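Asks: Dropping in input_22.txt, which is compact mmCIF, C-alpha atoms:
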# COMPACT_ATOMS: atom_id res chain seq x y z
CA MET P 1 -13.36 -53.65 120.12
CA GLU P 2 -10.77 -53.34 117.35
CA PHE P 3 -13.53 -52.03 115.04
CA TRP P 4 -14.46 -49.34 117.61
CA ASN P 5 -10.82 -48.42 118.25
CA LYS P 6 -10.26 -47.95 114.52
CA LEU P 7 -13.26 -45.61 114.34
CA GLU P 8 -11.99 -43.59 117.30
CA GLU P 9 -8.59 -43.28 115.59
CA VAL P 10 -10.28 -41.96 112.45
CA GLU P 11 -12.40 -39.55 114.51
CA GLN P 12 -9.29 -38.23 116.29
CA ALA P 13 -7.51 -37.74 112.95
CA TYR P 14 -10.57 -35.91 111.61
CA ARG P 15 -10.72 -33.58 114.65
CA ASP P 16 -6.96 -32.93 114.39
CA ILE P 17 -7.35 -31.93 110.74
CA GLU P 18 -10.20 -29.55 111.62
CA THR P 19 -8.07 -27.98 114.37
CA ARG P 20 -5.14 -27.49 112.01
CA MET P 21 -7.35 -26.03 109.28
CA SER P 22 -8.66 -23.42 111.74
CA ASP P 23 -5.11 -22.36 112.61
CA PRO P 24 -4.45 -18.95 110.93
CA ALA P 25 -0.87 -19.96 110.12
CA VAL P 26 -2.09 -23.05 108.26
CA ALA P 27 -5.01 -21.21 106.66
CA SER P 28 -2.54 -18.81 105.04
CA ASN P 29 -0.67 -21.72 103.41
CA PRO P 30 -2.66 -22.78 100.31
CA ALA P 31 -0.58 -25.92 99.67
CA GLU P 32 -1.03 -27.25 103.20
CA MET P 33 -4.72 -26.32 103.21
CA GLN P 34 -5.19 -28.26 99.96
CA VAL P 35 -3.61 -31.39 101.46
CA LEU P 36 -5.63 -31.10 104.67
CA GLY P 37 -8.81 -30.32 102.75
CA LYS P 38 -8.42 -33.48 100.67
CA LYS P 39 -7.91 -35.63 103.78
CA HIS P 40 -10.90 -33.94 105.44
CA VAL P 41 -13.14 -34.76 102.46
CA GLU P 42 -11.92 -38.38 102.46
CA LEU P 43 -12.71 -38.87 106.16
CA GLU P 44 -16.02 -36.97 106.20
CA PRO P 45 -18.22 -39.86 104.93
CA ILE P 46 -16.82 -42.16 107.65
CA MET P 47 -17.53 -39.56 110.32
CA GLU P 48 -21.10 -39.05 109.12
CA VAL P 49 -21.82 -42.78 109.36
CA PHE P 50 -19.94 -43.05 112.68
CA ASP P 51 -22.13 -40.27 114.14
CA GLU P 52 -25.21 -42.16 112.96
CA TYR P 53 -23.82 -45.37 114.47
CA LYS P 54 -23.19 -43.72 117.86
CA ARG P 55 -26.72 -42.29 117.83
CA VAL P 56 -28.25 -45.72 117.15
CA LEU P 57 -26.12 -47.36 119.86
CA HIS P 58 -27.14 -44.65 122.33
CA GLU P 59 -30.82 -45.11 121.51
CA ILE P 60 -30.50 -48.90 121.84
CA THR P 61 -28.96 -48.46 125.31
CA GLU P 62 -31.72 -46.04 126.34
CA SER P 63 -34.46 -48.35 125.02
CA ARG P 64 -33.06 -51.33 126.93
CA GLN P 65 -32.91 -49.23 130.11
CA MET P 66 -36.52 -48.13 129.61
CA LEU P 67 -37.59 -51.77 129.23
CA ALA P 68 -35.90 -52.57 132.53
CA ASP P 69 -37.49 -49.58 134.33
CA GLU P 70 -40.95 -49.34 132.73
CA SER P 71 -43.85 -51.19 134.35
CA ASP P 72 -46.65 -50.13 131.99
CA GLU P 73 -47.13 -52.97 129.46
CA ALA P 74 -48.44 -50.72 126.67
CA MET P 75 -45.37 -48.49 126.98
CA ARG P 76 -43.08 -51.54 127.15
CA GLU P 77 -44.55 -52.80 123.87
CA MET P 78 -43.86 -49.44 122.19
CA VAL P 79 -40.27 -49.51 123.46
CA ARG P 80 -39.84 -53.11 122.24
CA GLU P 81 -40.97 -52.10 118.74
CA GLU P 82 -38.58 -49.15 118.68
CA LEU P 83 -35.73 -51.33 119.98
CA SER P 84 -36.42 -53.93 117.28
CA LYS P 85 -36.17 -51.27 114.55
CA LEU P 86 -32.92 -49.91 115.97
CA GLU P 87 -31.35 -53.38 116.19
CA GLU P 88 -32.31 -54.01 112.57
CA LEU P 89 -30.53 -50.78 111.56
CA LYS P 90 -27.29 -51.58 113.40
CA PRO P 91 -25.83 -54.35 111.12
CA GLY P 92 -26.45 -52.28 107.99
CA ILE P 93 -24.62 -49.28 109.45
CA GLU P 94 -21.74 -51.54 110.51
CA ARG P 95 -21.45 -52.91 106.95
CA ARG P 96 -21.34 -49.36 105.57
CA ILE P 97 -18.57 -48.46 108.01
CA HIS P 98 -16.59 -51.59 107.13
CA VAL P 99 -16.73 -50.62 103.45
CA LEU P 100 -15.67 -47.04 104.20
CA LEU P 101 -12.75 -48.30 106.29
CA LEU P 102 -11.42 -50.51 103.49
CA PRO P 103 -8.07 -49.36 102.06
CA ARG P 104 -8.76 -47.04 99.12
CA ASP P 105 -7.09 -47.51 95.77
CA LYS P 106 -4.63 -44.62 95.69
CA ASP P 107 -5.43 -44.07 92.00
CA ASP P 108 -9.22 -43.84 92.37
CA ASP P 109 -9.32 -40.06 92.05
CA ARG P 110 -7.26 -39.95 88.84
CA ASN P 111 -8.21 -39.28 85.25
CA VAL P 112 -8.03 -42.31 82.95
CA VAL P 113 -6.57 -43.22 79.60
CA ILE P 114 -8.52 -45.95 77.81
CA GLU P 115 -7.16 -48.08 74.96
CA ILE P 116 -9.63 -50.10 72.87
CA ARG P 117 -8.34 -52.54 70.26
CA GLY P 118 -10.31 -54.69 67.85
CA GLY P 119 -9.44 -58.36 68.43
CA THR P 120 -10.59 -61.54 66.71
CA GLY P 121 -13.27 -60.92 64.14
CA GLY P 122 -11.69 -58.57 61.60
CA GLU P 123 -13.92 -55.70 60.46
CA GLU P 124 -16.71 -56.69 62.83
CA ALA P 125 -14.27 -56.50 65.77
CA ALA P 126 -13.25 -53.01 64.65
CA LEU P 127 -16.92 -51.96 64.52
CA PHE P 128 -17.44 -53.38 67.99
CA ALA P 129 -14.41 -51.38 69.21
CA ALA P 130 -16.20 -48.29 67.88
CA ASP P 131 -19.35 -49.31 69.78
CA LEU P 132 -17.37 -49.61 73.02
CA PHE P 133 -15.78 -46.22 72.39
CA ARG P 134 -19.26 -44.74 71.95
CA MET P 135 -20.47 -46.47 75.13
CA TYR P 136 -17.71 -44.95 77.25
CA THR P 137 -17.91 -41.50 75.67
CA ARG P 138 -21.70 -41.42 76.07
CA TYR P 139 -21.24 -42.39 79.73
CA ALA P 140 -18.72 -39.56 80.09
CA GLU P 141 -21.17 -37.12 78.47
CA ILE P 142 -23.90 -38.17 80.91
CA LYS P 143 -21.46 -37.52 83.78
CA ARG P 144 -20.32 -34.24 82.16
CA TRP P 145 -16.75 -35.51 81.95
CA ARG P 146 -14.26 -34.24 79.38
CA VAL P 147 -13.11 -36.67 76.65
CA GLU P 148 -10.00 -36.18 74.54
CA ILE P 149 -8.86 -38.52 71.75
CA LEU P 150 -5.11 -39.20 71.79
CA ASP P 151 -4.75 -41.60 68.86
CA ALA P 152 -6.99 -43.53 66.49
CA ASN P 153 -6.57 -46.03 63.68
CA GLU P 154 -9.83 -46.04 61.76
CA THR P 155 -11.15 -48.53 59.23
CA GLY P 156 -13.01 -47.58 56.11
CA ILE P 157 -16.54 -48.29 57.41
CA GLY P 158 -16.49 -46.56 60.79
CA GLY P 159 -14.64 -49.04 62.97
CA TYR P 160 -11.40 -48.73 64.90
CA LYS P 161 -8.47 -51.09 64.77
CA GLU P 162 -7.48 -49.18 67.88
CA ILE P 163 -8.41 -45.97 69.63
CA VAL P 164 -6.82 -44.30 72.65
CA PHE P 165 -8.61 -41.56 74.56
CA ARG P 166 -8.43 -39.70 77.85
CA ILE P 167 -11.29 -38.99 80.25
CA GLU P 168 -10.72 -36.08 82.60
CA ALA P 169 -12.74 -36.21 85.81
CA ASN P 170 -12.08 -36.56 89.50
CA GLY P 171 -12.78 -40.22 90.28
CA ALA P 172 -12.94 -41.43 86.68
CA TYR P 173 -10.58 -44.32 87.44
CA SER P 174 -12.68 -45.46 90.43
CA LYS P 175 -15.65 -45.90 88.09
CA LEU P 176 -13.98 -47.34 84.99
CA LYS P 177 -11.14 -49.48 86.39
CA TYR P 178 -13.25 -52.65 86.17
CA GLU P 179 -13.53 -52.35 82.37
CA SER P 180 -10.08 -53.78 81.57
CA GLY P 181 -10.26 -57.11 79.77
CA VAL P 182 -11.66 -58.85 76.71
CA HIS P 183 -15.18 -57.83 75.67
CA ARG P 184 -16.99 -60.30 73.40
CA VAL P 185 -19.85 -59.47 71.05
CA GLN P 186 -22.42 -61.79 69.44
CA ARG P 187 -24.50 -60.33 66.63
CA VAL P 188 -25.28 -60.44 62.93
CA PRO P 189 -22.73 -58.24 61.13
CA ALA P 190 -24.03 -55.62 58.72
CA THR P 191 -22.05 -57.36 55.98
CA GLU P 192 -23.60 -60.79 56.71
CA SER P 193 -26.22 -61.65 54.09
CA SER P 194 -27.32 -65.01 55.56
CA GLY P 195 -28.29 -63.58 58.96
CA ARG P 196 -25.81 -65.78 60.82
CA VAL P 197 -24.67 -64.58 64.26
CA HIS P 198 -20.91 -63.96 64.47
CA THR P 199 -18.72 -63.74 67.56
CA SER P 200 -15.87 -61.26 67.74
CA ALA P 201 -13.99 -59.42 70.45
CA ALA P 202 -12.22 -56.23 71.48
CA THR P 203 -9.72 -55.59 74.25
CA VAL P 204 -10.06 -52.68 76.67
CA ALA P 205 -7.26 -51.36 78.90
CA VAL P 206 -8.05 -48.70 81.51
CA LEU P 207 -4.97 -46.88 82.81
CA PRO P 208 -4.85 -44.36 85.68
CA GLU P 209 -3.30 -41.19 84.26
CA ALA P 210 0.16 -40.48 85.65
CA GLY P 211 1.07 -37.12 87.10
CA ASP P 212 4.25 -35.22 86.30
CA VAL P 213 5.95 -36.48 89.46
CA ASP P 214 4.91 -40.14 89.18
CA VAL P 215 7.43 -41.16 86.53
CA ASP P 216 10.96 -39.92 85.92
CA ILE P 217 11.71 -39.90 82.18
CA ARG P 218 15.19 -38.97 80.98
CA PRO P 219 15.37 -37.18 77.60
CA GLU P 220 18.24 -39.44 76.49
CA ASP P 221 15.95 -42.47 76.91
CA LEU P 222 13.56 -41.21 74.22
CA LYS P 223 13.46 -41.68 70.45
CA ILE P 224 11.02 -39.18 68.92
CA ASP P 225 9.77 -39.48 65.33
CA THR P 226 7.34 -37.32 63.40
CA TYR P 227 5.21 -38.46 60.48
CA ARG P 228 2.13 -37.56 58.51
CA SER P 229 -1.18 -38.46 60.14
CA GLY P 230 -3.10 -41.32 58.61
CA GLY P 231 -6.74 -42.28 58.85
CA ALA P 232 -9.69 -43.14 56.71
CA GLY P 233 -9.57 -39.84 54.86
CA GLY P 234 -11.54 -36.61 55.02
CA GLN P 235 -10.92 -33.24 56.62
CA HIS P 236 -9.03 -34.57 59.65
CA VAL P 237 -6.11 -35.97 57.65
CA ASN P 238 -3.16 -33.63 58.15
CA MET P 239 -0.96 -32.68 55.21
CA THR P 240 2.06 -31.94 57.43
CA ASP P 241 4.30 -34.18 59.55
CA SER P 242 2.48 -33.32 62.77
CA ALA P 243 1.92 -36.83 64.17
CA VAL P 244 4.38 -37.90 66.86
CA ARG P 245 5.74 -41.31 67.82
CA ILE P 246 7.80 -41.63 71.03
CA THR P 247 9.76 -44.75 71.90
CA HIS P 248 11.00 -45.25 75.46
CA LEU P 249 14.25 -47.10 74.77
CA PRO P 250 14.80 -48.81 78.15
CA THR P 251 11.37 -50.49 78.10
CA GLY P 252 10.47 -50.52 74.41
CA VAL P 253 7.13 -48.81 75.13
CA VAL P 254 5.88 -46.93 72.05
CA VAL P 255 3.17 -44.26 72.06
CA THR P 256 1.75 -42.18 69.23
CA CYS P 257 -0.47 -39.15 68.98
CA GLN P 258 -1.91 -37.68 65.80
CA ASP P 259 -5.15 -36.09 66.93
CA GLU P 260 -3.94 -32.47 66.86
CA ARG P 261 -2.78 -30.51 63.81
CA SER P 262 0.04 -29.08 65.91
CA GLN P 263 3.18 -31.18 66.32
CA ILE P 264 3.87 -29.46 69.65
CA LYS P 265 0.44 -30.40 71.03
CA ASN P 266 0.76 -33.97 69.76
CA ARG P 267 4.19 -34.24 71.39
CA ALA P 268 2.84 -32.99 74.74
CA LYS P 269 -0.06 -35.46 74.60
CA ALA P 270 2.24 -38.31 73.60
CA MET P 271 4.57 -37.56 76.52
CA GLN P 272 1.66 -37.62 78.94
CA PHE P 273 0.47 -40.92 77.46
CA LEU P 274 4.00 -42.34 77.80
CA ARG P 275 4.09 -41.36 81.48
CA THR P 276 0.75 -43.11 81.96
CA LYS P 277 1.94 -46.28 80.18
CA LEU P 278 5.12 -46.45 82.26
CA TYR P 279 3.20 -45.75 85.47
CA ASP P 280 0.72 -48.49 84.56
CA ALA P 281 3.56 -50.93 83.85
CA GLU P 282 4.99 -50.27 87.30
CA LEU P 283 1.57 -50.71 88.90
CA ARG P 284 1.06 -54.03 87.11
CA LYS P 285 4.47 -55.21 88.32
CA GLN P 286 3.40 -54.44 91.90
CA GLN P 287 0.03 -56.11 91.36
CA ASN P 288 1.66 -59.26 90.02
CA ALA P 289 3.84 -59.36 93.13
CA MET P 290 0.63 -59.36 95.19
CA ALA P 291 -1.18 -61.82 92.91
CA ALA P 292 -1.97 -64.31 95.67
CA GLU P 293 -3.53 -61.60 97.81
CA ARG P 294 -5.53 -60.20 94.91
CA LYS P 295 -6.76 -63.55 93.56
CA GLY P 296 -10.49 -63.45 92.95
CA GLN P 297 -10.70 -59.68 93.22
CA VAL P 298 -12.97 -58.11 90.61
CA GLY P 299 -10.63 -55.23 89.83
CA SER P 300 -7.60 -57.33 88.95
CA GLY P 301 -7.32 -55.67 85.54
CA ASP P 302 -6.21 -58.82 83.70
CA ARG P 303 -6.51 -57.74 80.07
CA SER P 304 -6.40 -61.29 78.71
CA GLU P 305 -9.48 -62.27 80.72
CA ARG P 306 -12.84 -62.47 78.95
CA ILE P 307 -14.92 -60.30 81.24
CA ARG P 308 -18.15 -59.64 79.37
CA THR P 309 -20.41 -60.77 76.53
CA TYR P 310 -22.74 -58.46 74.58
CA ASN P 311 -25.47 -60.49 72.86
CA PHE P 312 -27.33 -58.17 70.48
CA PRO P 313 -30.03 -60.60 69.21
CA GLN P 314 -31.15 -61.18 72.82
CA ASN P 315 -30.50 -57.58 73.98
CA ARG P 316 -28.42 -59.15 76.75
CA MET P 317 -25.17 -58.23 78.50
CA THR P 318 -23.46 -60.70 80.85
CA ASP P 319 -20.50 -59.87 83.07
CA HIS P 320 -18.80 -63.22 83.69
CA ARG P 321 -16.79 -62.11 86.74
CA ILE P 322 -19.83 -61.55 88.94
CA GLY P 323 -22.46 -63.54 87.02
CA LEU P 324 -24.56 -60.44 86.31
CA THR P 325 -26.93 -60.49 83.33
CA LEU P 326 -28.88 -57.41 82.23
CA HIS P 327 -31.46 -57.50 79.44
CA LYS P 328 -31.02 -53.89 78.33
CA LEU P 329 -28.04 -53.97 76.01
CA ASP P 330 -29.58 -51.25 73.85
CA GLN P 331 -29.38 -48.86 76.84
CA ILE P 332 -25.95 -50.07 78.01
CA ILE P 333 -24.34 -49.47 74.62
CA GLU P 334 -25.70 -45.90 74.83
CA GLY P 335 -23.77 -45.27 78.04
CA ASP P 336 -26.24 -46.45 80.68
CA ILE P 337 -23.66 -48.45 82.66
CA ASP P 338 -24.13 -47.12 86.21
CA GLU P 339 -25.96 -50.28 87.35
CA LEU P 340 -23.15 -52.43 86.00
CA ILE P 341 -20.40 -50.30 87.57
CA GLU P 342 -22.20 -50.27 90.92
CA ALA P 343 -22.54 -54.08 90.90
CA LEU P 344 -18.84 -54.52 90.08
CA SER P 345 -17.83 -52.04 92.78
CA MET P 346 -19.97 -53.81 95.39
CA ALA P 347 -18.55 -57.21 94.42
CA ASP P 348 -15.02 -55.84 94.70
CA GLN P 349 -15.79 -54.34 98.11
CA ALA P 350 -17.25 -57.66 99.31
CA GLU P 351 -14.08 -59.47 98.21
CA LYS P 352 -11.88 -56.89 99.92
CA MET P 353 -13.94 -57.16 103.11
CA LYS P 354 -13.43 -60.93 103.05
CA ASN P 355 -9.67 -60.47 102.72
CA PHE P 356 -9.69 -57.61 105.25
CA ALA P 357 -11.39 -59.79 107.84
CA ALA P 358 -9.13 -62.79 107.17
In structure tokens, how does this file's structure come out?
Replies:
Amino acid sequence: MEFWNKLEEVEQAYRDIETRMSDPAVASNPAEMQVLGKKHVELEPIMEVFDEYKRVLHEITESRQMLADESDEAMREMVREELSKLEELKPGIERRIHVLLLPRDKDDDRNVVIEIRGGTGGEEAALFAADLFRMYTRYAEIKRWRVEILDANETGIGGYKEIVFRIEANGAYSKLKYESGVHRVQRVPATESSGRVHTSAATVAVLPEAGDVDVDIRPEDLKIDTYRSGGAGGQHVNMTDSAVRITHLPTGVVVTCQDERSQIKNRAKAMQFLRTKLYDAELRKQQNAMAAERKGQVGSGDRSERIRTYNFPQNRMTDHRIGLTLHKLDQIIEGDIDELIEALSMADQAEKMKNFAA
């Protein structure tokens, strides 16, 4: 009954929003229409499944009534078959509704900032960091998402000691939030003459991008330095002091940006990155406070946790959190990660449903 009451509450809220949106006074207010439109879009999938659920329940009731009233055995058999199909549909629809009713992560619709850092393994770890960067940027290209590099520390042979980049797309965080953690690679390095497999690692942090109103930053709390961009050499090395380093004095958080030739653009990007880092720090503080509740949840974002192994000799990728192994590493590293993301999302939803029902 509680399940049904919740659905009726959502339906009433949905109808109220539609009524308000049709009000000429509201329709002439773009800001209010934007807020209502967003809520309408969020509730629409629930209403579509609820309508389907009501139809199936109605047809089940009608079929049972026909069985009670019908005397012709051939007709009764047809009704029994139809009733059996409808009753098989019902649990699946209920599961879909339960998932849609789960509390949404308020950051799911945000852009993301991703930091990748080479870990244990020296040059090979830096090369693996570059592979991960390619994997995420190829995925973004497939999705037609915009990618923007904020900062990069390259090595001489194409790797990255660290790289920070932004992906701009509605819902980017909902897809990529499960990527935070330690990624381990097993393969024969290009510099290895004996053919021995080495193990190295890189750390990935996925941060929901902060908006202008999410974090209050006081100018007096900032130390801003400019310097000449570094890098492995070539045409992208700036000959002016255009790179920017910003230190947030109260927290000690430091961000840098050297991707643009313009100091003004680098400063703007660095400020946005600082907002995101501070917003993420506050989120992590809240998450730690709810650690007991979140225990076992796939999307915990623990960046010290080894989440995945990429075994190149066996063309195998294993995600240790959900025990998923896929033998198509060559495709995954080229950005084909939808199957992986879907599996992680479903596992997270299952865990949330367990907690929701408790």
Asks: Could you jot down the CA of Met75 in chain P to CA of Lys90 in chain P separation for me, Å, one decimal place?
Replies: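 About the pair CA of Met75 in chain P and CA of Lys90 in chain P: they are 22.8 Å apart.
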Asks: Nearest residue to Arg96 in chain P out of P:Met317, P:Ile157, P:Val49, P:Ala205, using only C-alpha atoms?
Replies: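 Among the listed residues, the smallest separation from Arg96 in chain P belongs to P:Val49.
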Asks: Could you give me, as a list in words, the residues within 8 Å of Arg184 in chain P, counting only C-alpha atoms and dropping anything in the same chain fewer than 3 positions from it?
Replies: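 That gives Thr199, Ser200, Ala201, Ala202, Arg306, Arg308, Thr309 and Tyr310 of chain P.
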Asks: Could you dump the residues just selected with C-alpha atoms as an mmCIF file, in the frame of the given file?
Replies:
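Below you can see result15.cif, which holds the result:
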data_model
loop_
_atom_site.group_PDB
_atom_site.id
_atom_site.type_symbol
_atom_site.label_atom_id
_atom_site.label_comp_id
_atom_site.auth_asym_id
_atom_site.auth_seq_id
_atom_site.Cartn_x
_atom_site.Cartn_y
_atom_site.Cartn_z
ATOM 1 C CA THR P 199 -18.720 -63.740 67.560
ATOM 2 C CA SER P 200 -15.870 -61.260 67.740
ATOM 3 C CA ALA P 201 -13.990 -59.420 70.450
ATOM 4 C CA ALA P 202 -12.220 -56.230 71.480
ATOM 5 C CA ARG P 306 -12.840 -62.470 78.950
ATOM 6 C CA ARG P 308 -18.150 -59.640 79.370
ATOM 7 C CA THR P 309 -20.410 -60.770 76.530
ATOM 8 C CA TYR P 310 -22.740 -58.460 74.580
#
Asks: Using CA of Ala172 in chain P and CA of Ala268 in chain P as the two end points, give the distance in Å to one decimal.
Replies: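 Distance between the two atoms: 21.5 Å.
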Asks: Counting only C-alpha atoms, I want the residues whose atoms come within 10 Å of (3.4, -40.3, 72.6) in the file frame, returned as number ranges by chain.
Replies: P: 150-151, 224-225, 243-248, 253-258, 266-275, 277
Asks: Need to verify the contact set: Asp221 in chain P, 7 Å, all atoms listed in the file, exclusion of same-chain residues closer than 3 positions in sequence. Can you return it as a list in words?
Replies: Arg218, His248, Leu249 and Pro250 of chain P
Asks: Mind pulling up the distance from CA of Val35 in chain P to CA of Glu11 in chain P?
Replies: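 Atom-to-atom, CA of Glu11 in chain P and CA of Val35 in chain P are spaced 17.7 Å apart.
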Asks: Would you pick out the contacts of range 107-111 of chain P at 10 Å or less, using only C-alpha atoms, so that residues sharing its chain but fewer than 5 positions from it are not included, and give the list as a tab-separated table (two decimals) with C-alpha atoms, in the coordinates of the input?
Replies:
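Saved file around-v4.tsv follows:
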chain	number	residue	atom	x	y	z
P	145	TRP	CA	-16.75	-35.51	81.95
P	146	ARG	CA	-14.26	-34.24	79.38
P	166	ARG	CA	-8.43	-39.70	77.85
P	167	ILE	CA	-11.29	-38.99	80.25
P	168	GLU	CA	-10.72	-36.08	82.60
P	169	ALA	CA	-12.74	-36.21	85.81
P	170	ASN	CA	-12.08	-36.56	89.50
P	171	GLY	CA	-12.78	-40.22	90.28
P	172	ALA	CA	-12.94	-41.43	86.68
P	173	TYR	CA	-10.58	-44.32	87.44
P	174	SER	CA	-12.68	-45.46	90.43
P	175	LYS	CA	-15.65	-45.90	88.09
P	176	LEU	CA	-13.98	-47.34	84.99
P	177	LYS	CA	-11.14	-49.48	86.39
P	207	LEU	CA	-4.97	-46.88	82.81
P	208	PRO	CA	-4.85	-44.36	85.68
P	209	GLU	CA	-3.30	-41.19	84.26
P	210	ALA	CA	0.16	-40.48	85.65
P	211	GLY	CA	1.07	-37.12	87.10
Asks: Tell me which protein, DNA and RNA residues are within 12 Å of Leu324 in chain P, counting only C-alpha atoms, leaving out same-chain ones fewer than 3 positions away, and put them as a ChimeraX atom specification.
Replies: /P:307-309,316-321,327,339-344,347
Asks: Any idea what's packed within 12 Å of Arg138 in chain P, counting all atoms listed in the file, ignoring anything in its chain fewer than 5 positions away? Could you give it as a ChimeraX atom specification?
Replies: /P:131-133,143-147,167,331-338
Asks: Measuring between all atoms listed in the file, which one of P:Arg228, P:Arg196, P:Arg76, P:Lys54 shows the shortest distance to Glu8 in chain P?
Replies: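 Ranking P:Arg228, P:Arg196, P:Arg76, P:Lys54 by distance to Glu8 in chain P, first place goes to P:Lys54.
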Asks: Kindly indicate which residue among P:Glu87, P:Glu305, P:Asp259, P:Glu18 lies nearest to Leu57 in chain P, using only C-alpha atoms for the distances.
Replies: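 Using only C-alpha atoms, the shortest distance to Leu57 in chain P belongs to P:Glu87.
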Asks: Looking at P:Arg15, P:Lys223, P:Lys161, P:Arg55, which one is nearest to Gly252 in chain P, with distances taken over all atoms listed in the file?
Replies: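 Among the listed residues, P:Lys223 lies closest to Gly252 in chain P.
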